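Undergrad: Right, I'll just put the structure down here and ask away after.
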Amino acid sequence: MTSSDKPDNAEDTTGTSAGHTGVAAMDWVAASADPQYRAAVVDLLGALAYGELAAFERLAEDAKLAPTLADKAELAKMASAEFHHFERLRDRLAEIGEEPTFAMEPFVAAYDAFHKQTAPSDWLEGLVKAYVGDSIASDFYREVAARLDSDSRALVLAVLDDTGHGGFAVEKVRAAIDADPRVGGRLALWARRLMGEALSQSQRVVAERDALSTMLVGGVADGFDLAEVGRMFSRITEAHTKRMAALGLAA
């Protein structure tokens, strides 16, 4: 994802294989024998793959708003990293016998709707969107990854690696606020809107995909139940608040 950096004191939910039980302690071959689990992972990889492709497209577009050539080049480098993440997910889907385009298709409308509803009006809004909006998605996927089989978990965590956009966005946004404190209020409102839209879209996607929703409430991967889902979203909200603070914005 575009920005996947975690706050310094964020809880690490990924763990190691030694601490996992049930499905999360298996490799892909063993875990995928359950067709429902396999369907959930295919959905997850499809959602991630389209998310990476959309992030690539958006960063390339945002580069047009960059005020300097150096900023433009930085975004181009990050866009390239997103495309490489997409390729890894696409190749993995093909490797396990799934058609990548078919796996991504159910998530196109939701992603496109989110990006249409949250199109940035300027360079700073684009930076905040990449840092705040994409980080919410990354936090969600990390939570799910902790309950995946070892092979799928390793891949998901690898494509959530920070592309460098987090530190870049913080530096640029804080500098803009220092230069004009009035910018902070506008960007804080923008970030709150992003938070609401991102959570709304993710919940809608999960609700529409039976395998994914079953995974979240404990029917497939071990460790989730309805109470844990609530705690998961609380952790995501807490991480969002810390990122806002890093940007110099009020949550």
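Within each chain, counting starts at residue 1; across the structure tokens, chains are named A, B, ... in the order shown, with ligands numbered 1 upward in that order.
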List the spatial neighbours of Trp190 in chain A as a list in words - criterion: any atom at most 10 Å away, only C-alpha atoms, same-chain residues fewer than 2 positions off excluded.

TA: Thr118, Pro120, Glu125, Val128, Lys129, Val132, Gly184, Gly185, Arg186, Leu187, Ala188, Arg192, Arg193, Leu194 and Met195 of chain A

Undergrad: So that each row is one residue of range 90-170 of chain A with an atom at most 12 Å from range 67-79 of chain A, can you give its shortest atom pair and the distance in Å to one decimal, using only C-alpha atoms, rows by chain and rising number, as CSV?

TA:
residue,atom,partner,partner_atom,distance
A:Asp122,CA,A:Pro67,CA,10.2
A:Trp123,CA,A:Pro67,CA,7.7
A:Leu124,CA,A:Pro67,CA,10.2
A:Gly126,CA,A:Leu75,CA,10.9
A:Leu127,CA,A:Leu75,CA,9.9
A:Ala130,CA,A:Leu75,CA,10.7
A:Asp161,CA,A:Met78,CA,11.5
A:Asp162,CA,A:Met78,CA,9.4
A:Thr163,CA,A:Met78,CA,5.8
A:Gly164,CA,A:Met78,CA,7.1
A:His165,CA,A:Met78,CA,6.9
A:Gly166,CA,A:Met78,CA,10.6
A:Gly167,CA,A:Glu74,CA,11.6
A:Phe168,CA,A:Glu74,CA,8.6
A:Ala169,CA,A:Leu75,CA,10.3

Undergrad: May I have the residues within 12 Å of Leu199 in chain A as a PyMOL selection string, using only C-alpha atoms and disregarding those fewer than 3 positions away in the same chain?

TA: chain A and resi 110+114+132-140+192-196+202-206+232-234+236-237+240

Undergrad: Restricting the calculation to only C-alpha atoms, which member of A:Ala55, A:Ala146, A:Ala158, A:Ala245 is positioned closest to Leu89 in chain A?

TA: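 Selected residue with least distance to Leu89 in chain A: A:Ala158.
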
Undergrad: When distances are computed from only C-alpha atoms, which of A:Leu249, A:Pro106, A:Leu44, A:Arg142 shows the smallest separation from Arg182 in chain A?

TA: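 Of the candidates, the smallest distance to Arg182 in chain A is held by A:Leu249.
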
Undergrad: What gap, in Å, lies between CA of Ala66 in chain A and CA of Leu53 in chain A?

TA: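 Interatomic distance here is 20.4 Å.
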
Undergrad: CA of Thr101 in chain A to CA of Gly46 in chain A: how many Å, to one decimal?

TA: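 About the pair CA of Thr101 in chain A and CA of Gly46 in chain A: they are 8.0 Å apart.
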
Undergrad: Identify which of the residues A:Asp210, A:Asp112, A:Asp178, A:Asp27 lies closest to Tyr50 in chain A, counting only C-alpha atoms when measuring atom-to-atom distances.

TA: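 Of all the options, A:Asp112 lies closest to Tyr50 in chain A.
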